[in-house]
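One file, model-v1.cif, carrying mmCIF, C-alpha atoms:
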```cif
data_final
loop_
_atom_site.label_atom_id
_atom_site.label_comp_id
_atom_site.auth_asym_id
_atom_site.auth_seq_id
_atom_site.Cartn_x
_atom_site.Cartn_y
_atom_site.Cartn_z
CA MET A 739 19.38 -17.60 -28.34
CA THR A 740 15.90 -16.10 -27.89
CA ASN A 741 14.90 -14.93 -24.42
CA ALA A 742 11.68 -16.83 -23.65
CA THR A 743 10.50 -14.35 -21.05
CA ALA A 744 11.00 -11.35 -23.31
CA THR A 745 9.16 -12.93 -26.24
CA GLY A 746 6.34 -14.27 -24.13
CA ASP A 747 7.23 -17.88 -25.09
CA ARG A 748 6.35 -19.41 -21.76
CA SER A 749 3.59 -21.57 -20.32
CA PRO A 750 0.35 -19.59 -19.97
CA THR A 751 -1.08 -18.71 -16.58
CA TRP A 752 -4.52 -19.97 -15.55
CA GLN A 753 -5.83 -16.70 -17.02
CA GLY A 754 -4.06 -17.43 -20.33
CA GLN A 755 -1.30 -14.77 -20.12
CA ARG A 756 2.15 -15.67 -21.41
CA VAL A 757 3.98 -12.41 -20.65
CA ARG A 758 5.64 -11.88 -17.28
CA PRO A 759 3.55 -9.60 -15.04
CA THR A 760 4.79 -6.67 -13.00
CA ARG A 761 4.73 -7.92 -9.42
CA LEU A 762 4.08 -5.36 -6.68
CA LEU A 763 5.09 -6.37 -3.16
CA LEU A 764 2.90 -4.14 -1.00
CA LEU A 765 4.40 -3.52 2.43
CA ARG A 766 2.64 -1.42 5.05
CA HIS A 767 4.92 0.69 7.24
CA GLY A 768 5.73 -0.22 10.84
CA GLN A 769 4.13 1.03 14.03
CA THR A 770 3.94 4.71 15.07
CA GLU A 771 2.49 6.27 18.22
CA LEU A 772 -0.65 7.25 16.31
CA SER A 773 -1.22 3.67 15.22
CA VAL A 774 -0.80 2.54 18.84
CA GLN A 775 -3.52 5.00 19.85
CA ARG A 776 -5.68 4.12 16.82
CA ARG A 777 -5.82 7.70 15.56
CA TYR A 778 -6.31 8.88 12.00
CA SER A 779 -2.79 9.18 10.65
CA GLY A 780 -2.65 10.70 7.20
CA ARG A 781 -0.36 13.54 6.21
CA GLY A 782 1.04 13.91 9.72
CA ASN A 783 4.57 12.60 9.91
CA PRO A 784 5.14 10.53 13.06
CA GLU A 785 8.29 8.43 13.26
CA LEU A 786 8.33 4.70 13.83
CA THR A 787 8.27 3.51 17.42
CA GLU A 788 10.94 1.12 18.63
CA LEU A 789 8.56 -1.74 17.82
CA GLY A 790 7.97 -0.19 14.42
CA ARG A 791 11.71 -0.24 13.73
CA ARG A 792 11.86 -3.91 14.74
CA GLN A 793 8.95 -4.60 12.39
CA ALA A 794 10.83 -2.85 9.58
CA ALA A 795 13.93 -4.91 10.37
CA ALA A 796 11.87 -8.11 10.28
CA ALA A 797 10.47 -7.16 6.89
CA ALA A 798 14.02 -6.44 5.73
CA THR A 799 15.16 -9.88 6.84
CA ARG A 800 12.39 -11.47 4.80
CA LEU A 801 12.47 -9.32 1.70
CA GLY A 802 16.18 -8.55 1.70
CA ALA A 803 16.80 -12.12 0.57
CA ASP A 804 14.64 -11.75 -2.55
CA PRO A 805 16.91 -11.28 -5.59
CA GLU A 806 13.89 -10.60 -7.82
CA ILE A 807 13.23 -7.17 -6.29
CA ALA A 808 14.41 -4.63 -8.84
CA ALA A 809 13.30 -1.42 -7.10
CA VAL A 810 12.02 -0.06 -3.80
CA VAL A 811 9.38 2.66 -4.03
CA SER A 812 7.97 4.50 -1.02
CA SER A 813 5.42 7.05 0.08
CA PRO A 814 7.16 10.33 0.97
CA LEU A 815 6.17 10.11 4.65
CA SER A 816 8.94 9.20 7.06
CA ARG A 817 7.23 6.15 8.56
CA ALA A 818 7.09 4.58 5.11
CA GLN A 819 10.55 5.74 4.03
CA THR A 820 12.18 4.39 7.20
CA THR A 821 10.52 1.02 6.60
CA ALA A 822 11.53 1.10 2.94
CA ARG A 823 15.15 1.99 3.69
CA ALA A 824 15.50 -0.97 6.05
CA VAL A 825 14.72 -3.31 3.16
CA ALA A 826 16.54 -1.30 0.49
CA ASP A 827 19.75 -1.33 2.52
CA ARG A 828 19.64 -5.13 2.61
CA LEU A 829 19.10 -5.24 -1.15
CA GLY A 830 21.70 -2.61 -1.97
CA LEU A 831 19.06 -0.45 -3.66
CA ASP A 832 18.02 3.18 -3.39
CA VAL A 833 14.53 4.23 -2.30
CA THR A 834 12.48 6.00 -4.94
CA VAL A 835 9.75 8.28 -3.57
CA SER A 836 6.30 8.41 -5.18
CA ASP A 837 3.98 11.17 -3.95
CA GLY A 838 1.00 9.23 -5.28
CA LEU A 839 1.53 6.58 -2.59
CA ILE A 840 1.01 8.98 0.32
CA GLU A 841 -1.74 8.19 2.84
CA THR A 842 -5.21 9.77 2.75
CA ASP A 843 -5.38 13.42 3.78
CA PHE A 844 -7.73 13.26 6.76
CA GLY A 845 -7.80 17.04 7.04
CA ALA A 846 -9.36 18.25 10.29
CA TRP A 847 -9.64 14.68 11.54
CA GLU A 848 -5.87 14.12 11.52
CA GLY A 849 -4.79 12.80 14.92
CA LEU A 850 -8.36 12.13 16.11
CA THR A 851 -9.77 8.73 17.03
CA PHE A 852 -12.77 7.34 15.16
CA THR A 853 -15.02 8.33 18.06
CA GLU A 854 -13.60 11.84 18.31
CA ALA A 855 -14.08 12.45 14.59
CA ALA A 856 -17.63 11.11 14.72
CA GLU A 857 -18.46 13.37 17.67
CA ARG A 858 -16.89 16.41 16.00
CA ASP A 859 -18.73 16.00 12.68
CA PRO A 860 -21.40 13.32 13.15
CA GLU A 861 -23.35 13.85 9.91
CA LEU A 862 -20.27 14.30 7.72
CA HIS A 863 -18.46 11.38 9.28
CA SER A 864 -21.40 9.08 8.56
CA ARG A 865 -21.58 10.23 4.93
CA TRP A 866 -17.80 9.85 4.57
CA LEU A 867 -18.04 6.22 5.67
CA ALA A 868 -20.95 5.53 3.32
CA ASP A 869 -19.73 7.33 0.18
CA THR A 870 -16.15 7.19 -1.12
CA GLY A 871 -16.77 10.45 -2.99
CA VAL A 872 -17.21 12.45 0.24
CA PRO A 873 -13.98 14.07 1.47
CA ALA A 874 -12.90 14.50 5.07
CA PRO A 875 -13.14 18.15 6.19
CA ASP A 876 -10.29 20.02 4.46
CA GLY A 877 -9.03 16.64 3.30
CA GLU A 878 -9.47 13.94 0.64
CA SER A 879 -12.14 11.47 -0.31
CA PHE A 880 -11.28 7.80 -0.78
CA ALA A 881 -12.20 8.22 -4.46
CA GLN A 882 -9.53 10.91 -4.81
CA VAL A 883 -7.00 8.63 -3.12
CA ALA A 884 -7.92 5.78 -5.49
CA GLU A 885 -7.38 7.98 -8.54
CA ARG A 886 -3.92 9.21 -7.56
CA VAL A 887 -2.91 5.69 -6.51
CA ARG A 888 -4.08 4.40 -9.90
CA LEU A 889 -1.88 6.96 -11.63
CA ALA A 890 1.07 5.97 -9.41
CA LYS A 891 0.45 2.31 -10.24
CA ASP A 892 0.31 3.01 -13.97
CA SER A 893 3.64 4.83 -13.71
CA LEU A 894 5.19 1.87 -11.89
CA LEU A 895 3.88 -0.60 -14.46
CA GLN A 896 5.36 1.46 -17.27
CA ARG A 897 8.71 2.02 -15.59
CA TYR A 898 9.21 -1.49 -14.20
CA SER A 899 7.33 -3.62 -16.71
CA GLY A 900 7.79 -7.33 -16.02
CA GLN A 901 9.82 -6.74 -12.85
CA THR A 902 9.24 -7.10 -9.12
CA VAL A 903 8.88 -3.87 -7.16
CA LEU A 904 8.62 -3.37 -3.41
CA VAL A 905 6.02 -0.67 -2.69
CA VAL A 906 6.04 0.67 0.88
CA SER A 907 2.92 2.64 1.71
CA HIS A 908 -0.13 2.95 3.97
CA VAL A 909 -3.48 1.30 4.59
CA THR A 910 -5.65 3.16 2.07
CA PRO A 911 -3.20 3.19 -0.87
CA ILE A 912 -2.44 -0.52 -0.41
CA LYS A 913 -6.15 -1.36 -0.16
CA SER A 914 -6.72 0.73 -3.29
CA LEU A 915 -4.08 -1.25 -5.19
CA LEU A 916 -5.57 -4.55 -4.04
CA ARG A 917 -9.06 -3.35 -4.93
CA ASP A 918 -7.80 -2.42 -8.40
CA ALA A 919 -6.16 -5.81 -8.87
CA LEU A 920 -9.30 -7.64 -7.73
CA GLY A 921 -11.68 -5.43 -9.71
CA SER A 922 -13.83 -5.11 -6.59
CA GLY A 923 -16.10 -2.35 -5.36
CA PRO A 924 -15.43 0.29 -2.70
CA GLU A 925 -16.71 -2.01 0.06
CA LEU A 926 -13.26 -3.65 0.10
CA LEU A 927 -11.87 -0.51 1.75
CA PHE A 928 -14.03 -1.14 4.81
CA ARG A 929 -13.94 -4.95 4.93
CA LEU A 930 -10.24 -5.68 4.44
CA HIS A 931 -7.88 -5.48 7.42
CA LEU A 932 -4.17 -4.78 6.95
CA ASP A 933 -1.81 -5.15 9.89
CA LEU A 934 1.22 -2.96 10.49
CA ALA A 935 4.24 -4.15 8.48
CA SER A 936 2.07 -6.68 6.64
CA LEU A 937 2.87 -7.89 3.13
CA SER A 938 0.44 -8.28 0.25
CA ILE A 939 1.26 -9.16 -3.37
CA ALA A 940 -0.52 -8.15 -6.57
CA GLU A 941 0.51 -8.85 -10.14
CA PHE A 942 -0.48 -6.77 -13.18
CA PHE A 943 -0.22 -8.05 -16.77
CA PRO A 944 0.32 -5.93 -19.89
CA ASP A 945 -3.08 -6.98 -21.28
CA GLY A 946 -4.84 -5.45 -18.26
CA GLY A 947 -5.25 -8.69 -16.35
CA SER A 948 -4.30 -8.85 -12.70
CA VAL A 949 -4.18 -11.27 -9.80
CA VAL A 950 -3.74 -10.99 -6.02
CA ARG A 951 -1.40 -13.63 -4.65
CA LEU A 952 -1.10 -12.67 -0.98
CA VAL A 953 -2.94 -10.46 1.50
CA ASN A 954 -1.91 -9.25 4.99
CA ASP A 955 0.90 -11.74 5.57
CA THR A 956 2.71 -11.06 8.86
CA GLY A 957 4.68 -14.30 9.09
CA HIS A 958 7.95 -12.37 9.24
CA LEU A 959 6.84 -10.71 12.48
CA ASP A 960 6.47 -13.96 14.44
#
```

I'd like the structure from this file rewritten - as structure tokens, please.
Amino acid sequence: MTNATATGDRSPTWQGQRVRPTRLLLLRHGQTELSVQRRYSGRGNPELTELGRRQAAAAATRLGADPEIAAVVSSPLSRAQTTARAVADRLGLDVTVSDGLIETDFGAWEGLTFTEAAERDPELHSRWLADTGVPAPDGESFAQVAERVRLAKDSLLQRYSGQTVLVVSHVTPIKSLLRDALGSGPELLFRLHLDLASLSIAEFFPDGGSVVRLVNDTGHLD
């Protein structure tokens, strides 16, 4: 008997695709002390707070019941890996680490608040906010983040074609993936809010089409 999903013999989507997309469940990590203090938290490696661990457990309760999840992929930073492991343990899966999903390197601004960074480097900070090609001092630009995230996404789509993958990462990489799926400009990075431990969903089709199905859902934290 022919497998309808494998052959593409299924009802088309509203965009006309018949082949099953690769679905990425995009989960932001739980709370850390730096997120409590609203400080730039990039390559630093703070652990989850007690609340952050409860947020990870809540995400695990929600996602651990999803039999469609074929893999759990995480940023290498501990706050993401701890969140990922909470879900993976429920699913009986291992956590695969992808360096491309790491948060922005904020360089000299790591650990500073927005105000502190602006006071330290007022002219550069203003240009950084206005131009995604401008890097933080000794750090990355948002354009550089978008490029490595795109490569990480392409790898996931190739490896897990047609499957559902839980991706546990950070604000900028998740926004970059949503921006890619929406085909939007860089302004999305500054206009989209993502809560801690929030869930977003994007689907990518083999023909290059994509759709965003969910953004910043925190229903599991209620």

Who sits within 8 Å of A:Asp933, only C-alpha atoms, same chain under 4 positions skipped, as an mmCIF file with C-alpha atoms, in the coordinates of the input:
```cif
data_model
loop_
_atom_site.group_PDB
_atom_site.id
_atom_site.type_symbol
_atom_site.label_atom_id
_atom_site.label_comp_id
_atom_site.auth_asym_id
_atom_site.auth_seq_id
_atom_site.Cartn_x
_atom_site.Cartn_y
_atom_site.Cartn_z
ATOM 1 C CA ARG A 766 2.640 -1.420 5.050
ATOM 2 C CA ASN A 954 -1.910 -9.250 4.990
ATOM 3 C CA THR A 956 2.710 -11.060 8.860
#
```

Inset, instruction - Name the residues that the PyMOL selection byres ((chain A and resi 787) around 8) picks from the file above, as JSON, numbers by chain, using the file's chain letters and numbers. - result: {"A": [768, 769, 770, 771, 785, 786, 788, 789, 790, 791]}

Inset, instruction - State, in Å with one decimal place, the distance from atom CA of A:Asp955 to atom CA of A:Val909. - result: 13.8 Å

Inset, instruction - List the residues matched by the PyMOL selection byres ((chain A and resi 863) around 10) in the displayed structure as a VMD selection string, ordered by chain and then by residue number. - result: chain A and resid 847 852 to 853 855 to 862 864 to 868 872 to 875

Inset, instruction - Determine, counting only C-alpha atoms, which protein, DNA and RNA residues have an atom within 12 Å of an atom of A:Arg929; residues of the same chain fewer than 3 positions away are not included. Present the result as a ChimeraX atom specification. - result: /A:867,910,913,917,922-926,932

Inset, instruction - Give me, please, the distance in Å between atom CA of A:Ala809 and atom CA of A:Thr834, quoted to one decimal. - result: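 Straight-line distance from atom CA of A:Ala809 to atom CA of A:Thr834 works out to 7.8 Å.
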
Got a sec: who's within 12 Å of A:Asp832, counting only C-alpha atoms, leaving out chain neighbours fewer than 6 positions off, as a short mmCIF file (atom, residue, chain, number, x, y, z; two decimals) with C-alpha atoms, in the coordinates of the input?
```
data_model
loop_
_atom_site.label_atom_id
_atom_site.label_comp_id
_atom_site.auth_asym_id
_atom_site.auth_seq_id
_atom_site.Cartn_x
_atom_site.Cartn_y
_atom_site.Cartn_z
CA ILE A 807 13.23 -7.17 -6.29
CA ALA A 808 14.41 -4.63 -8.84
CA ALA A 809 13.30 -1.42 -7.10
CA VAL A 810 12.02 -0.06 -3.80
CA VAL A 811 9.38 2.66 -4.03
CA SER A 812 7.97 4.50 -1.02
CA GLN A 819 10.55 5.74 4.03
CA ALA A 822 11.53 1.10 2.94
CA ARG A 823 15.15 1.99 3.69
CA ALA A 824 15.50 -0.97 6.05
CA VAL A 825 14.72 -3.31 3.16
CA ALA A 826 16.54 -1.30 0.49
CA LEU A 904 8.62 -3.37 -3.41
#
```
